[in-house]
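Remarks on the structure that follows.
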Amino acid sequence: MDKALRHSATSLFASLLKKVRDKELREFMETYAAQNKSFETAFLLKFADRLKISGKDKFQLLIQQIIADDEANGGYITTVAARLDTLLLQAADQLASKNYLDPFHLAVVLIEFVHPLLGRHDDPELLLQQKVIAAFSLLDDIMHADAGPQLKELIFETALQQALKDEYRHSGVADDWINLLLDGAANEEQQYRILSLLEQLITASGKLQKSAVNERYEEFFLRKKIQLLEKMGRVEEAHLVMEGNLRIKAFRRQLIDEYIMKKDFAAAKELLKESKRSEMQKGRLYSSSEWDILILKIALLENDQRTIRQTGLRLFYDRFNIEYYRHVKSTYESEKWAAEVEKIISSLKAETHFGLPGFRALAAIYTEEKYWPRLLALVQKNASLEFVETYYDLLKDRFPQELADIYRVALRRYAEQNMGREHYEYMVKMLRKIQSLPTGISIAKSLTNEFKVKYSNRRNMVKALNKLVF
């Protein structure tokens with residue numbers, strides 16, 4: 001419909017609306033609303049302030065209507081979020097005019113009814129989570145506004161009750177209730193009540209089946225207890241909470257870090273020893289853990305060469321990080337190091353789970369020690385384009401002809417294993433690159449002709465290869 005016709009229709013509607021009697025209009029709207037839930041919801045939101053029901057009941061009705069309308073129409077998160085925004089904006093205006101009760105009821109009801117919808121696959125932008133966060137912001141604003149003490153006490157009591165609900169824990173909303181309590185506690189009596197709540201939650205979490213998720217919640221509640229105790233000036237007691245819960249890995253790590261910072265290496269090493277013993281990994285010959293990283297850190301600070309060698313090698317064998325290798329190397333005199341390098345290389349080659357990471361570890365050693373012929377041989381053995389590309393700059397001036405031959409093998413493998421325009425463009429890029437190498441032009445030209453014939457049915461590949469000029 002063009003602009004003129006649209007304007008004409010709008011004028012006609014406005015004109016007709018003036019002629020319809022109130023009774024006829026109400027009858028039409030009742031019938032239309034019964035057939036169209038979206039219209040009914042929009043009408044309720046527009047005139048919600050005319051409803052003569054209490055705040056809590058009103059917002060339960062409105063939000064249940066929004067969710068029911070969403071379900072009836074196949075689910076549109078953006079529509080639900082927009083309608084919740086309408087209510088939240090109205091609440092912001094009410095706060096500005098010092099009407100605190102309705103925003104309180106809206107926030108509590110919104111959190112209650114919307115949190116079960118969190119994590120929906122059709123909400124990648126977390127629109128619903130943003131509305132729950134906005135609801136908690138409303139409650140926090142009221143707690144810090146000049147609202148009456150009775151309403152603030154009501155918010156506090158509500159938060160205490162809600163934080164205990166199991167259903168909130170799994171969506172993470174329990175954390176928000178506790179944060180609201182900690183931020184809004186106005187006196188020592190409230191702080192003690194929060195402390196009692198946290199102890200209940202800690203006890204309940206400790207009884208649950210051990211899992212990473214349950215440990216996370218137990219750690220969260222324990223950290224909040226520590227935070228609250230510190231706020232109450234009970235710092236020593238707060239520290240004892242951490243020391244008494246070293247089964248929580250994060251607490252063990254934190255205490256070890258504290259010992260290292262204080263240079264109490266004996267205490268740190270004892271705790272690390274216990275951690276290693278309780279969490280020793282099984283399977284691989286050179287298994288390492290995050291505790292080994294800390295053991296190595298202390299060994300470096302103490303210049304403990306024996307531990308640097310043992311732990312550094314264990315970490316290098318398991319993680320193939322050249323920095324661990326360099327730490328080990330620093331403990332040897334140059335005349336003894338050559339023989340030690342060969343032992344490390346032999347150990348890597350003997351590792352049953354060698355694979356591509358092992359190739360990369362060997363390549364890192366060869367690069368570090370400037371063993372260029374051995375690096376070339378390794379690249380020849382593992383002639384994949386990605387691997388060759390990594391060491392191109394190191395080999396192009398030393399072994400240009402050999403590198404061109406490696407690219408020939410690698411490009412053939414790549415062409416055989418990959419299809420699609422972006423892969424073909426990448427092949428063209430590599431063919432252009434090898435033209436700068438001696439014999440590279442002839443190899444690139446030969447490969448281009450070979451691919452055009454062999455993969456003539458791949459029209460996009462041929463089209464990409466036609467961009468090459470020799």
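Here, A, B, ... name the chains of the structure tokens in the order displayed, residue numbers run from 1 inside each chain, and ligands are numbered from 1 in the same displayed order.
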
Non-local contacts of A:Ile345 (10 Å; only C-alpha atoms; under 2 positions in same chain excluded) as a CSV table (one decimal) with all heavy atoms, in the first residue's frame:
chain,number,residue,atom,x,y,z
A,340,GLU,N,71.2,-33.7,27.2
A,340,GLU,CA,69.9,-33.7,27.9
A,340,GLU,C,68.8,-33.5,26.9
A,340,GLU,O,67.7,-34.1,27.0
A,340,GLU,CB,69.9,-32.7,29.0
A,340,GLU,CG,68.8,-32.8,30.0
A,340,GLU,CD,68.9,-34.1,30.8
A,340,GLU,OE1,70.0,-34.6,31.1
A,340,GLU,OE2,67.8,-34.7,31.1
A,341,VAL,N,69.1,-32.6,25.9
A,341,VAL,CA,68.1,-32.4,24.8
A,341,VAL,C,67.7,-33.6,24.1
A,341,VAL,O,66.5,-33.9,23.8
A,341,VAL,CB,68.6,-31.3,23.8
A,341,VAL,CG1,67.7,-31.2,22.6
A,341,VAL,CG2,68.8,-30.0,24.4
A,342,GLU,N,68.7,-34.5,23.8
A,342,GLU,CA,68.4,-35.7,23.1
A,342,GLU,C,67.5,-36.7,23.9
A,342,GLU,O,66.7,-37.4,23.4
A,342,GLU,CB,69.7,-36.4,22.7
A,342,GLU,CG,70.6,-35.6,21.7
A,342,GLU,CD,69.9,-35.2,20.5
A,342,GLU,OE1,69.0,-36.0,20.0
A,342,GLU,OE2,70.1,-34.1,20.0
A,343,LYS,N,67.8,-36.6,25.2
A,343,LYS,CA,66.9,-37.4,26.1
A,343,LYS,C,65.4,-36.9,26.0
A,343,LYS,O,64.5,-37.7,26.0
A,343,LYS,CB,67.4,-37.4,27.5
A,343,LYS,CG,68.7,-38.1,27.8
A,343,LYS,CD,69.1,-37.9,29.3
A,343,LYS,CE,70.4,-38.5,29.6
A,343,LYS,NZ,70.8,-38.3,31.0
A,347,SER,N,62.2,-39.0,24.7
A,347,SER,CA,61.0,-39.2,25.5
A,347,SER,C,59.8,-38.7,24.8
A,347,SER,O,58.7,-39.4,24.9
A,347,SER,CB,61.2,-38.4,26.8
A,347,SER,OG,62.3,-38.9,27.6
A,348,LEU,N,59.9,-37.6,24.1
A,348,LEU,CA,58.7,-37.1,23.3
A,348,LEU,C,58.3,-38.1,22.3
A,348,LEU,O,57.1,-38.4,22.1
A,348,LEU,CB,59.0,-35.8,22.7
A,348,LEU,CG,58.8,-34.5,23.6
A,348,LEU,CD1,59.3,-33.3,22.9
A,348,LEU,CD2,57.3,-34.4,23.9
A,349,LYS,N,59.2,-38.6,21.5
A,349,LYS,CA,59.0,-39.6,20.4
A,349,LYS,C,58.4,-40.9,20.9
A,349,LYS,O,57.6,-41.6,20.3
A,349,LYS,CB,60.2,-39.8,19.6
A,349,LYS,CG,60.7,-38.6,18.8
A,349,LYS,CD,61.9,-38.9,18.0
A,349,LYS,CE,62.3,-37.8,17.1
A,349,LYS,NZ,63.5,-38.1,16.3
A,350,ALA,N,58.8,-41.2,22.2
A,350,ALA,CA,58.3,-42.5,22.8
A,350,ALA,C,56.9,-42.4,23.4
A,350,ALA,O,56.3,-43.4,23.7
A,350,ALA,CB,59.3,-43.0,23.8
A,358,GLY,N,52.6,-33.4,19.8
A,358,GLY,CA,54.0,-33.8,19.9
A,358,GLY,C,54.9,-33.3,18.8
A,358,GLY,O,56.0,-32.9,19.1
A,361,ALA,N,55.6,-29.8,19.7
A,361,ALA,CA,56.6,-29.7,20.8
A,361,ALA,C,58.0,-29.9,20.2
A,361,ALA,O,59.0,-29.2,20.6
A,361,ALA,CB,56.3,-30.7,21.8
A,362,LEU,N,58.2,-30.9,19.3
A,362,LEU,CA,59.5,-31.2,18.7
A,362,LEU,C,59.9,-30.0,17.9
A,362,LEU,O,61.1,-29.6,17.9
A,362,LEU,CB,59.4,-32.5,17.9
A,362,LEU,CG,59.5,-33.8,18.6
A,362,LEU,CD1,59.4,-34.9,17.6
A,362,LEU,CD2,60.8,-33.9,19.4
A,365,ILE,N,61.2,-27.3,20.0
A,365,ILE,CA,62.6,-27.6,20.5
A,365,ILE,C,63.6,-27.4,19.4
A,365,ILE,O,64.6,-26.7,19.6
A,365,ILE,CB,62.7,-29.1,21.0
A,365,ILE,CG1,61.9,-29.3,22.3
A,365,ILE,CG2,64.1,-29.5,21.2
A,365,ILE,CD1,61.8,-30.7,22.7
A,366,TYR,N,63.3,-27.9,18.2
A,366,TYR,CA,64.2,-27.7,17.1
A,366,TYR,C,64.4,-26.2,16.8
A,366,TYR,O,65.5,-25.7,16.4
A,366,TYR,CB,63.7,-28.4,15.8
A,366,TYR,CG,63.6,-29.9,16.0
A,366,TYR,CD1,62.8,-30.7,15.2
A,366,TYR,CD2,64.5,-30.6,16.9
A,366,TYR,CE1,62.7,-32.0,15.3
A,366,TYR,CE2,64.4,-32.0,17.0
A,366,TYR,CZ,63.5,-32.7,16.2
A,366,TYR,OH,63.5,-34.1,16.4

Check the DSSP output for the backbone and give back, as a PDB file with C-alpha atoms, in the first residue's frame, the residues of stretch 363-470 of chain A in helix (DSSP H, G or I).
ATOM      1  CA  ALA A 363      59.272 -28.294  16.284  1.00  0.00           C
ATOM      2  CA  ALA A 364      59.454 -25.851  19.199  1.00  0.00           C
ATOM      3  CA  ILE A 365      62.584 -27.614  20.515  1.00  0.00           C
ATOM      4  CA  TYR A 366      64.222 -27.672  17.084  1.00  0.00           C
ATOM      5  CA  THR A 367      63.453 -23.969  16.688  1.00  0.00           C
ATOM      6  CA  GLU A 368      64.718 -23.148  20.175  1.00  0.00           C
ATOM      7  CA  TRP A 372      67.107 -26.437  11.210  1.00  0.00           C
ATOM      8  CA  PRO A 373      67.700 -29.692   9.230  1.00  0.00           C
ATOM      9  CA  ARG A 374      65.710 -31.620  11.861  1.00  0.00           C
ATOM     10  CA  LEU A 375      62.905 -29.059  11.709  1.00  0.00           C
ATOM     11  CA  LEU A 376      62.825 -29.449   7.910  1.00  0.00           C
ATOM     12  CA  ALA A 377      62.624 -33.237   8.223  1.00  0.00           C
ATOM     13  CA  LEU A 378      59.772 -32.915  10.749  1.00  0.00           C
ATOM     14  CA  VAL A 379      57.801 -30.613   8.449  1.00  0.00           C
ATOM     15  CA  GLN A 380      58.387 -33.019   5.546  1.00  0.00           C
ATOM     16  CA  LYS A 381      57.014 -35.843   7.684  1.00  0.00           C
ATOM     17  CA  LEU A 385      49.350 -26.805   5.038  1.00  0.00           C
ATOM     18  CA  GLU A 386      48.688 -25.478   8.535  1.00  0.00           C
ATOM     19  CA  PHE A 387      51.902 -27.050   9.896  1.00  0.00           C
ATOM     20  CA  VAL A 388      54.009 -25.909   6.936  1.00  0.00           C
ATOM     21  CA  GLU A 389      52.664 -22.364   7.215  1.00  0.00           C
ATOM     22  CA  THR A 390      53.748 -22.154  10.865  1.00  0.00           C
ATOM     23  CA  TYR A 392      57.478 -21.019   6.527  1.00  0.00           C
ATOM     24  CA  ASP A 393      59.419 -17.934   7.649  1.00  0.00           C
ATOM     25  CA  LEU A 394      62.023 -20.072   9.455  1.00  0.00           C
ATOM     26  CA  LEU A 395      62.657 -22.365   6.479  1.00  0.00           C
ATOM     27  CA  PRO A 400      63.669 -22.862  -0.306  1.00  0.00           C
ATOM     28  CA  GLN A 401      63.604 -25.730  -2.825  1.00  0.00           C
ATOM     29  CA  GLU A 402      62.751 -28.352  -0.215  1.00  0.00           C
ATOM     30  CA  LEU A 403      59.987 -26.092   1.125  1.00  0.00           C
ATOM     31  CA  ALA A 404      58.457 -25.739  -2.345  1.00  0.00           C
ATOM     32  CA  ASP A 405      58.334 -29.548  -2.618  1.00  0.00           C
ATOM     33  CA  ILE A 406      56.677 -29.774   0.817  1.00  0.00           C
ATOM     34  CA  TYR A 407      53.996 -27.312  -0.347  1.00  0.00           C
ATOM     35  CA  ARG A 408      53.355 -29.535  -3.385  1.00  0.00           C
ATOM     36  CA  VAL A 409      52.549 -32.497  -1.085  1.00  0.00           C
ATOM     37  CA  ALA A 410      50.584 -30.350   1.374  1.00  0.00           C
ATOM     38  CA  LEU A 411      48.453 -28.697  -1.325  1.00  0.00           C
ATOM     39  CA  ARG A 412      47.575 -32.051  -2.880  1.00  0.00           C
ATOM     40  CA  ARG A 413      46.386 -33.312   0.504  1.00  0.00           C
ATOM     41  CA  TYR A 414      44.444 -30.111   1.115  1.00  0.00           C
ATOM     42  CA  ALA A 415      42.712 -30.236  -2.283  1.00  0.00           C
ATOM     43  CA  GLU A 416      41.704 -33.845  -1.718  1.00  0.00           C
ATOM     44  CA  GLN A 417      40.294 -33.273   1.771  1.00  0.00           C
ATOM     45  CA  ARG A 421      34.922 -21.535  -1.892  1.00  0.00           C
ATOM     46  CA  GLU A 422      36.880 -20.391   1.134  1.00  0.00           C
ATOM     47  CA  HIS A 423      39.145 -23.461   0.836  1.00  0.00           C
ATOM     48  CA  TYR A 424      39.696 -22.820  -2.866  1.00  0.00           C
ATOM     49  CA  GLU A 425      40.609 -19.190  -2.179  1.00  0.00           C
ATOM     50  CA  TYR A 426      43.065 -20.377   0.458  1.00  0.00           C
ATOM     51  CA  MET A 427      44.656 -22.756  -2.073  1.00  0.00           C
ATOM     52  CA  VAL A 428      45.092 -19.858  -4.527  1.00  0.00           C
ATOM     53  CA  LYS A 429      46.720 -17.813  -1.768  1.00  0.00           C
ATOM     54  CA  MET A 430      49.181 -20.649  -1.042  1.00  0.00           C
ATOM     55  CA  LEU A 431      49.968 -21.144  -4.754  1.00  0.00           C
ATOM     56  CA  ARG A 432      50.776 -17.456  -5.054  1.00  0.00           C
ATOM     57  CA  LYS A 433      52.962 -17.687  -1.979  1.00  0.00           C
ATOM     58  CA  ILE A 434      55.156 -20.526  -3.260  1.00  0.00           C
ATOM     59  CA  GLY A 440      58.038 -22.428  -6.978  1.00  0.00           C
ATOM     60  CA  ILE A 441      56.656 -20.996 -10.215  1.00  0.00           C
ATOM     61  CA  SER A 442      56.932 -24.295 -12.054  1.00  0.00           C
ATOM     62  CA  ILE A 443      55.452 -26.215  -9.092  1.00  0.00           C
ATOM     63  CA  ALA A 444      52.567 -23.748  -8.753  1.00  0.00           C
ATOM     64  CA  LYS A 445      51.830 -23.903 -12.490  1.00  0.00           C
ATOM     65  CA  SER A 446      52.045 -27.699 -12.541  1.00  0.00           C
ATOM     66  CA  LEU A 447      49.734 -28.038  -9.533  1.00  0.00           C
ATOM     67  CA  THR A 448      47.224 -25.553 -10.961  1.00  0.00           C
ATOM     68  CA  ASN A 449      46.946 -27.530 -14.227  1.00  0.00           C
ATOM     69  CA  GLU A 450      46.785 -30.814 -12.293  1.00  0.00           C
ATOM     70  CA  PHE A 451      43.930 -29.569 -10.072  1.00  0.00           C
ATOM     71  CA  LYS A 452      41.949 -28.190 -13.029  1.00  0.00           C
ATOM     72  CA  VAL A 453      42.004 -31.592 -14.692  1.00  0.00           C
ATOM     73  CA  LYS A 454      41.592 -33.771 -11.603  1.00  0.00           C
ATOM     74  CA  ARG A 459      33.531 -25.507 -10.860  1.00  0.00           C
ATOM     75  CA  ASN A 460      34.236 -23.082  -8.017  1.00  0.00           C
ATOM     76  CA  MET A 461      37.733 -24.502  -7.608  1.00  0.00           C
ATOM     77  CA  VAL A 462      38.494 -24.093 -11.324  1.00  0.00           C
ATOM     78  CA  LYS A 463      37.066 -20.579 -11.219  1.00  0.00           C
ATOM     79  CA  ALA A 464      39.362 -19.692  -8.289  1.00  0.00           C
ATOM     80  CA  LEU A 465      42.412 -21.250  -9.958  1.00  0.00           C
TER      81      LEU A 465
END

Determine, counting only C-alpha atoms, which protein, DNA and RNA residues have an atom within 9 Å of an atom of A:Val80; residues of the same chain fewer than 6 positions away are not included. Present the result as a ChimeraX atom specification.
-> /A:66-67,69-70,128

Would you save the residues from that selection as an mmCIF file, in the first residue's frame, using N, CA and C atoms?
data_model
loop_
_atom_site.group_PDB
_atom_site.id
_atom_site.type_symbol
_atom_site.label_atom_id
_atom_site.label_comp_id
_atom_site.auth_asym_id
_atom_site.auth_seq_id
_atom_site.Cartn_x
_atom_site.Cartn_y
_atom_site.Cartn_z
ATOM 1 N N ILE A 66 1.173 -12.158 29.581
ATOM 2 C CA ILE A 66 2.263 -11.974 28.620
ATOM 3 C C ILE A 66 2.862 -13.316 28.233
ATOM 4 N N ILE A 67 3.109 -14.178 29.235
ATOM 5 C CA ILE A 67 3.725 -15.487 28.977
ATOM 6 C C ILE A 67 2.754 -16.397 28.237
ATOM 7 N N ASP A 69 0.327 -15.481 26.255
ATOM 8 C CA ASP A 69 0.218 -14.975 24.888
ATOM 9 C C ASP A 69 1.408 -15.452 24.059
ATOM 10 N N ASP A 70 2.587 -15.434 24.650
ATOM 11 C CA ASP A 70 3.804 -15.910 23.979
ATOM 12 C C ASP A 70 3.661 -17.377 23.586
ATOM 13 N N LEU A 128 15.564 -12.133 28.316
ATOM 14 C CA LEU A 128 14.801 -12.375 29.542
ATOM 15 C C LEU A 128 15.672 -12.205 30.780
#

Counting only C-alpha atoms, the residue of A:Gln227, A:Leu201, A:Ser384, A:Ser196 that sits nearest A:Leu182 =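 Closest candidate: A:Gln227.
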
Tell me, as a VMD selection string, which residues lie within 12 Å of A:Leu313, counting only C-alpha atoms; anything in the same chain fewer than 6 positions away does not count.
-> chain A and resid 285 to 288 292 to 293 296 305 to 307 319 to 329 331 340 to 341 343 to 345 347 to 348

Top pick for closest residue to A:Ile194, considering A:Arg216, A:Ala174, A:Lys225, A:Gly119 and counting only C-alpha atoms =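 Going through A:Arg216, A:Ala174, A:Lys225, A:Gly119 one by one, the smallest distance to A:Ile194 is for A:Lys225.
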
Tell me, as a PyMOL selection string, which residues lie within 7 Å of A:Ala81, counting only C-alpha atoms; anything in the same chain fewer than 4 positions away does not count.
-> chain A and resi 77+85+127-128

Write out as number ranges by chain which residues come within 12 Å of A:Leu101 when counting only C-alpha atoms, dropping same-chain ones fewer than 4 positions away.
-> A: 54-56, 59, 91-92, 94-95, 97, 105-108, 138-139, 142-143, 147-148, 150-152, 154-155

Dump of C-alpha atoms for the selected residues, as a tab-separated table (two decimals), in the first residue's frame:
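The resulting file, part.tsv, is shown below:
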chain	number	residue	atom	x	y	z
A	54	SER	CA	-3.89	-5.11	44.55
A	55	GLY	CA	-0.39	-4.61	43.16
A	56	LYS	CA	0.83	-8.18	43.51
A	59	PHE	CA	1.25	-7.96	38.15
A	91	ALA	CA	7.94	1.20	37.33
A	92	ALA	CA	10.89	3.55	36.72
A	94	GLN	CA	6.71	5.41	39.56
A	95	LEU	CA	10.03	5.35	41.41
A	97	SER	CA	7.47	10.01	41.66
A	105	HIS	CA	5.42	-6.02	43.55
A	106	LEU	CA	6.35	-5.94	39.85
A	107	ALA	CA	9.99	-6.87	40.55
A	108	VAL	CA	9.15	-9.83	42.80
A	138	LEU	CA	14.42	-1.99	40.98
A	139	LEU	CA	14.57	-3.72	44.35
A	142	ILE	CA	14.10	0.91	46.54
A	143	MET	CA	16.42	-0.36	49.30
A	147	ALA	CA	11.18	4.43	50.96
A	148	GLY	CA	9.62	3.70	54.34
A	150	GLN	CA	8.37	-1.14	56.57
A	151	LEU	CA	8.76	-1.60	52.79
A	152	LYS	CA	12.53	-2.05	53.11
A	154	LEU	CA	9.41	-6.37	53.51
A	155	ILE	CA	12.02	-6.51	50.71

Can you tell me, as a PyMOL selection string, what residues are no more than 12 Å from A:Lys165 when counting only C-alpha atoms, ignoring any on the same chain fewer than 2 positions away?
-> chain A and resi 112+158-163+167-175+177-178+197+200-201+204
